[in-house]
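K.L.:
Take this structure first; my questions come after.
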Amino acid sequence: MKKLFAVALGILTAIGGFVDIGDLVTNALVGARFGLSLAWVVVVGVVGICVFAEMSGRVAAVSGRATFDLVRERLGPRVGLANLLASMAVTLLTFVAEIGGVALSFELVTSVNELLWIPLVAAAVWLVLWRTKFSVIENLFGLMGLALIVFAVAVWQLGPDWGLLWHDATHPTKPGTEGLPTYLYYAVALFGAAMTPYEVFFFSSGGVEEGWTERDITTMRSNVLIGFPLGGVLSVAIAAASALVFLPAGIEVSTLAQVGLPVAVAMGKVGLAAALLGFFAATFGAACETGLSVGYSIGQYFGWQWGKYVRPHQAARFHLVLLVSTVLAAGVLLTTVDPIKVTEYSVVFSALALPLTYFPILVVANDPDYMGRHTNGRLSNALGSAYLVLVVVASVAAIPLMVITKAGM
Amino acid sequence: MSVPGGGRLALLTTAAALALSGCVTPATGSDSYHDKAVTSVRAAQSEVATAALTVRLMRHGRILQPYADETVTASETATGAIAATFASVQPPAGDDRLRDDVGSLLSDAQDAVGHARIAVRRADPGALRRVAAELASVTKDLTRADRSLG
């Protein structure tokens, strides 16, 4: 019974914790402009994140060490440093976007300007990272994030032509009003949003925090293989709600406030309140995850004591990194940069950094010295290799597409 | 012509910075100016439609007031930025009429969204009804302009 509860809790938190500011904004924006013609990218991205999260979770469970703890040891300091710099830059940018997202969520409820919320939100995030148990961070915000199911209910309440929606999703065609480069640019952005590097940092390091062993592999797999795809369904629901309300009205999404409007159309104030709770949980939970991921990656590269499973004074440098990155994120946002723009760029730069994040996972997961009898099977290797090609293509295409389309304009 | 490594990097950086900054570039010809006019009209249409949807939700009691306020305020800021950006572009000779027509439409859009913000903050049913009609009228004008320009 206890095991069943752990599996159910893991799946629920995986669903609720799957969506972050990047998924919220990118899916709503894409739904408003392209309908469901890019839903296939979410499916491709979710399968990809499942493949690599399962690998990194397995590495953590078998070796007792996070994947990136092993990258430097297995691939040497140069590759380790390239991996650290690329993924950390993107994770830090995502951290900035998430804190901005929390501030925007509070602004939507209070009408108090987001800039006034930013120092308070940053302080709250740091306090949670410093004082709160890992399991509380993971479970509380993951469960609260389930409030985003309201988008799926809203789609149902809007009474769409399901046949037409299914046709749009399964017969992807570029809308006549959009150019091919713009379509591809948003495909790369959606792919980057679904496969954000911090998700695997957090997942594998979280496995170490929770003391996973080989016996936890089944639970870990059920979290990944059931929870993540259902989280992906939420992403598609956000895009579908946006497509149903905004596409016919010619509305383009450029603010977090617009993302919630379809829910208000379908369900009124109660639905909107649930969406706001979901916005807060998704952004605050992801702010904690990205903040921790920055600390994890630096701590693991330099071989410091890291993690929340030890007292803060035993991992002082790790906690110093968390403090410095939180202050840095707040400082960036206080320059009045638009958090939504930061989000849009973070998902594209995320695509740019994907090969440097995912290649080492594939290497470590195939090393019998670390993995023993749990090295990758044929299916994992086939999927991992195929996705490696895909992430290289997305990475190479990201910046040229950004320049050609003027960042999707 | 060969470009030294450092020079190539500088060129690429400059090109990327220009592309990413989204800055207003001067119209290089009538076609380019025309494209900017179409883009501005469509962007304004989106903001006016957002404000109209928010006002409709407010009239039917389906949205929280601070949320509606933030949505319409963001639309007002965006509409102002669209109008200012278009106005700052130097029109090619012979396109002054286009500048005046589109500028006037964008100004109307800015006014209507501004009235929406005032009505939403006051939560005044009468003002909301009037502003809904004003937004609908501006939407019609923008749609007509989009069709004739596009």
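Ordered as shown in the structure tokens, chains take letters A, B, and onward, while each chain numbers its residues from 1 and ligands are numbered from 1 in the order shown.
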I need the contact residues of chain A against chain B, so if you could list those with any atom within 8 Å, counting only C-alpha atoms, and return them as a PDB file with C-alpha atoms, in the first residue's frame, that would help.
P.N.:
ATOM      1  CA  GLU A 107       0.471  40.874 -10.224  1.00  0.00           C
ATOM      2  CA  LEU A 108      -2.545  39.247 -11.883  1.00  0.00           C
ATOM      3  CA  VAL A 109      -4.161  38.667  -8.496  1.00  0.00           C
ATOM      4  CA  THR A 110      -3.256  41.930  -6.787  1.00  0.00           C
ATOM      5  CA  SER A 111      -2.680  44.529  -9.544  1.00  0.00           C
ATOM      6  CA  ALA A 249     -10.334  36.263 -32.854  1.00  0.00           C
ATOM      7  CA  GLY A 250      -6.880  36.929 -34.324  1.00  0.00           C
ATOM      8  CA  ILE A 251      -5.344  37.332 -30.866  1.00  0.00           C
ATOM      9  CA  GLU A 252      -1.624  36.738 -30.444  1.00  0.00           C
ATOM     10  CA  THR A 255       1.422  38.124 -21.795  1.00  0.00           C
ATOM     11  CA  ALA A 257      -2.621  37.255 -18.456  1.00  0.00           C
ATOM     12  CA  GLN A 258      -3.745  36.233 -21.951  1.00  0.00           C
ATOM     13  CA  LEU A 261      -8.376  34.064 -20.667  1.00  0.00           C
ATOM     14  CA  ALA A 264     -12.278  32.467 -17.951  1.00  0.00           C
ATOM     15  CA  VAL A 265     -14.303  32.189 -21.167  1.00  0.00           C
ATOM     16  CA  MET A 267     -15.465  28.448 -16.694  1.00  0.00           C
ATOM     17  CA  GLY A 268     -15.627  31.981 -15.308  1.00  0.00           C
ATOM     18  CA  LYS A 269     -14.022  33.164 -12.083  1.00  0.00           C
ATOM     19  CA  LEU A 272      -9.651  31.425 -13.560  1.00  0.00           C
ATOM     20  CA  MET A 402      15.714  33.082 -34.662  1.00  0.00           C
ATOM     21  CA  VAL A 403      17.631  35.532 -36.866  1.00  0.00           C
ATOM     22  CA  ILE A 404      15.628  34.837 -40.038  1.00  0.00           C
ATOM     23  CA  LYS A 406      13.313  37.997 -35.992  1.00  0.00           C
ATOM     24  CA  ALA A 407      12.499  35.722 -33.073  1.00  0.00           C
TER      25      ALA A 407
END
K.L.:
Please identify all polymer residues within 9 Å of Ala116 of chain B, counting only C-alpha atoms, omitting same-chain residues fewer than 5 positions from it, and present them as number ranges by chain.
P.N.:
B: 51-52, 54-55, 72-73, 76, 111, 121, 127-128, 131-132, 135
K.L.:
What are the nearest atom pairs, with distances in Å to one decimal, for all residues of segment 82-173 of chain A that come at most 10 Å from segment 38-61 of chain A, using only C-alpha atoms, set out by chain and rising residue number as a tab-separated table?
P.N.:
residue	atom	partner	partner_atom	distance
A:Asp168	CA	A:Ala39	CA	8.6
A:Ala169	CA	A:Ala39	CA	5.7
A:Thr170	CA	A:Trp40	CA	7.4
A:His171	CA	A:Trp40	CA	9.2
A:Pro172	CA	A:Leu38	CA	6.5
A:Thr173	CA	A:Leu38	CA	8.4
K.L.:
Those residues you just picked out, can you put them in a file as a PDB file, in the first residue's frame with C-alpha atoms?
P.N.:
ATOM      1  CA  ASP A 168      -5.522  19.512 -36.935  1.00  0.00           C
ATOM      2  CA  ALA A 169      -3.311  17.665 -34.473  1.00  0.00           C
ATOM      3  CA  THR A 170      -2.782  14.599 -36.647  1.00  0.00           C
ATOM      4  CA  HIS A 171      -2.494  16.334 -40.027  1.00  0.00           C
ATOM      5  CA  PRO A 172      -0.020  19.090 -39.250  1.00  0.00           C
ATOM      6  CA  THR A 173       0.019  21.781 -41.898  1.00  0.00           C
TER       7      THR A 173
END
K.L.:
Report, in Å with one decimal, the straight-line distance from atom CA of Gly206 of chain A to atom CA of Ala28 of chain A.
P.N.:
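Taking atom CA of Gly206 of chain A as the start and atom CA of Ala28 of chain A as the end point, the length is 29.2 Å.
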K.L.:
According to DSSP computed on the backbone, where in chain B is there alpha helix (DSSP H)? Give the residues as a VMD selection string.
P.N.:
chain B and resid 5 to 21 30 to 59 65 to 88 96 to 122 125 to 149
K.L.:
Near Lys140 of chain B, counting only C-alpha atoms, which residues have an atom at most 12 Å away, once you skip same-chain residues fewer than 4 positions from it, shown as a list in words?
P.N.:
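Non-adjacent residues within range: Val41, Gln45, Val48, Ala49, Leu105, Asp108, Ala109, Ala133, Glu134, Leu135, Ala136, Arg144, Ala145, Asp146 and Arg147 of chain B.
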K.L.:
I need the residues from that last selection saved to file as a PDB file, in the first residue's frame (with C-alpha atoms), if you can.
P.N.:
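Contents of again15.pdb, as written:
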ATOM      1  CA  VAL B  41      -2.487  46.928 -38.039  1.00  0.00           C
ATOM      2  CA  GLN B  45      -6.078  44.099 -34.024  1.00  0.00           C
ATOM      3  CA  VAL B  48      -8.027  45.391 -29.416  1.00  0.00           C
ATOM      4  CA  ALA B  49      -9.496  41.874 -29.618  1.00  0.00           C
ATOM      5  CA  LEU B 105      -6.391  53.864 -36.986  1.00  0.00           C
ATOM      6  CA  ASP B 108      -8.226  55.139 -32.431  1.00  0.00           C
ATOM      7  CA  ALA B 109      -7.204  51.688 -31.221  1.00  0.00           C
ATOM      8  CA  ALA B 133     -19.302  49.080 -28.791  1.00  0.00           C
ATOM      9  CA  GLU B 134     -16.279  51.337 -29.338  1.00  0.00           C
ATOM     10  CA  LEU B 135     -13.914  48.341 -29.436  1.00  0.00           C
ATOM     11  CA  ALA B 136     -16.198  46.555 -31.905  1.00  0.00           C
ATOM     12  CA  ARG B 144     -11.171  46.579 -43.197  1.00  0.00           C
ATOM     13  CA  ALA B 145      -7.720  48.173 -43.271  1.00  0.00           C
ATOM     14  CA  ASP B 146      -6.025  44.785 -42.964  1.00  0.00           C
ATOM     15  CA  ARG B 147      -8.051  43.480 -45.927  1.00  0.00           C
TER      16      ARG B 147
END
K.L.:
Please provide the set of residues having any atom within 10 Å of segment 184-194 of chain A, restricted to only C-alpha atoms, with same-chain residues fewer than 6 positions apart removed, written as a ChimeraX atom specification.
P.N.:
/A:18-27,29-30,33-34,37-49,174,228,232,235,343-354,390-391,393-395,397-408
K.L.:
Could the residues in this selection be saved with C-alpha atoms as a PDB file, in the first residue's frame?
P.N.:
ATOM      1  CA  PHE A  18       5.783  19.040 -15.821  1.00  0.00           C
ATOM      2  CA  VAL A  19       4.484  22.433 -16.930  1.00  0.00           C
ATOM      3  CA  ASP A  20       6.552  25.540 -16.245  1.00  0.00           C
ATOM      4  CA  ILE A  21       6.527  29.125 -17.515  1.00  0.00           C
ATOM      5  CA  GLY A  22       8.125  28.012 -20.806  1.00  0.00           C
ATOM      6  CA  ASP A  23       5.384  25.447 -21.451  1.00  0.00           C
ATOM      7  CA  LEU A  24       2.618  27.843 -20.388  1.00  0.00           C
ATOM      8  CA  VAL A  25       3.704  30.708 -22.618  1.00  0.00           C
ATOM      9  CA  THR A  26       5.008  28.743 -25.601  1.00  0.00           C
ATOM     10  CA  ASN A  27       1.995  26.436 -25.845  1.00  0.00           C
ATOM     11  CA  LEU A  29       1.428  31.395 -28.054  1.00  0.00           C
ATOM     12  CA  VAL A  30       1.719  28.529 -30.528  1.00  0.00           C
ATOM     13  CA  ARG A  33      -0.998  31.277 -34.011  1.00  0.00           C
ATOM     14  CA  PHE A  34      -0.850  27.724 -35.327  1.00  0.00           C
ATOM     15  CA  SER A  37      -0.696  22.017 -36.094  1.00  0.00           C
ATOM     16  CA  LEU A  38       2.404  21.911 -33.862  1.00  0.00           C
ATOM     17  CA  ALA A  39       0.992  19.481 -31.274  1.00  0.00           C
ATOM     18  CA  TRP A  40       3.174  16.757 -32.801  1.00  0.00           C
ATOM     19  CA  VAL A  41       6.241  18.627 -31.519  1.00  0.00           C
ATOM     20  CA  VAL A  42       4.973  18.310 -27.936  1.00  0.00           C
ATOM     21  CA  VAL A  43       4.555  14.565 -28.475  1.00  0.00           C
ATOM     22  CA  VAL A  44       8.080  14.276 -29.903  1.00  0.00           C
ATOM     23  CA  GLY A  45       9.468  16.410 -27.044  1.00  0.00           C
ATOM     24  CA  VAL A  46       7.674  14.427 -24.336  1.00  0.00           C
ATOM     25  CA  VAL A  47       8.939  11.094 -25.707  1.00  0.00           C
ATOM     26  CA  GLY A  48      12.449  12.606 -25.774  1.00  0.00           C
ATOM     27  CA  ILE A  49      12.337  13.850 -22.204  1.00  0.00           C
ATOM     28  CA  LYS A 174       1.483  25.239 -41.772  1.00  0.00           C
ATOM     29  CA  PHE A 228       5.467  13.054 -18.016  1.00  0.00           C
ATOM     30  CA  GLY A 232       2.391  16.683 -21.913  1.00  0.00           C
ATOM     31  CA  SER A 235       0.657  21.284 -22.475  1.00  0.00           C
ATOM     32  CA  THR A 343      10.889  32.887 -21.380  1.00  0.00           C
ATOM     33  CA  GLU A 344      10.622  32.961 -25.168  1.00  0.00           C
ATOM     34  CA  TYR A 345      14.403  33.248 -25.530  1.00  0.00           C
ATOM     35  CA  SER A 346      15.087  30.674 -22.798  1.00  0.00           C
ATOM     36  CA  VAL A 347      13.194  27.910 -24.615  1.00  0.00           C
ATOM     37  CA  VAL A 348      15.067  28.607 -27.865  1.00  0.00           C
ATOM     38  CA  PHE A 349      18.465  28.762 -26.143  1.00  0.00           C
ATOM     39  CA  SER A 350      17.436  25.597 -24.360  1.00  0.00           C
ATOM     40  CA  ALA A 351      17.190  23.902 -27.766  1.00  0.00           C
ATOM     41  CA  LEU A 352      20.683  25.230 -28.519  1.00  0.00           C
ATOM     42  CA  ALA A 353      22.165  23.544 -25.423  1.00  0.00           C
ATOM     43  CA  LEU A 354      20.365  20.213 -25.793  1.00  0.00           C
ATOM     44  CA  LEU A 390      17.112  15.364 -33.475  1.00  0.00           C
ATOM     45  CA  VAL A 391      18.534  17.589 -30.728  1.00  0.00           C
ATOM     46  CA  VAL A 393      19.323  19.395 -35.747  1.00  0.00           C
ATOM     47  CA  ALA A 394      17.231  21.568 -33.391  1.00  0.00           C
ATOM     48  CA  SER A 395      20.369  23.034 -31.857  1.00  0.00           C
ATOM     49  CA  ALA A 397      18.681  25.371 -36.548  1.00  0.00           C
ATOM     50  CA  ALA A 398      17.745  27.406 -33.451  1.00  0.00           C
ATOM     51  CA  ILE A 399      19.832  30.560 -33.933  1.00  0.00           C
ATOM     52  CA  PRO A 400      19.528  30.833 -37.751  1.00  0.00           C
ATOM     53  CA  LEU A 401      15.738  30.490 -37.423  1.00  0.00           C
ATOM     54  CA  MET A 402      15.714  33.082 -34.662  1.00  0.00           C
ATOM     55  CA  VAL A 403      17.631  35.532 -36.866  1.00  0.00           C
ATOM     56  CA  ILE A 404      15.628  34.837 -40.038  1.00  0.00           C
ATOM     57  CA  THR A 405      12.239  35.167 -38.314  1.00  0.00           C
ATOM     58  CA  LYS A 406      13.313  37.997 -35.992  1.00  0.00           C
ATOM     59  CA  ALA A 407      12.499  35.722 -33.073  1.00  0.00           C
ATOM     60  CA  GLY A 408       9.212  34.513 -34.529  1.00  0.00           C
TER      61      GLY A 408
END
K.L.:
How many Å separate atom CA of Cys288 of chain A from atom CA of Glu98 of chain A?
P.N.:
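Separation between atom CA of Cys288 of chain A and atom CA of Glu98 of chain A: 8.8 Å.
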K.L.:
Record the distance separating atom CA of Gly103 of chain B and atom CA of Leu247 of chain A, expressed in Å with one decimal.
P.N.:
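So the answer is 25.5 Å.
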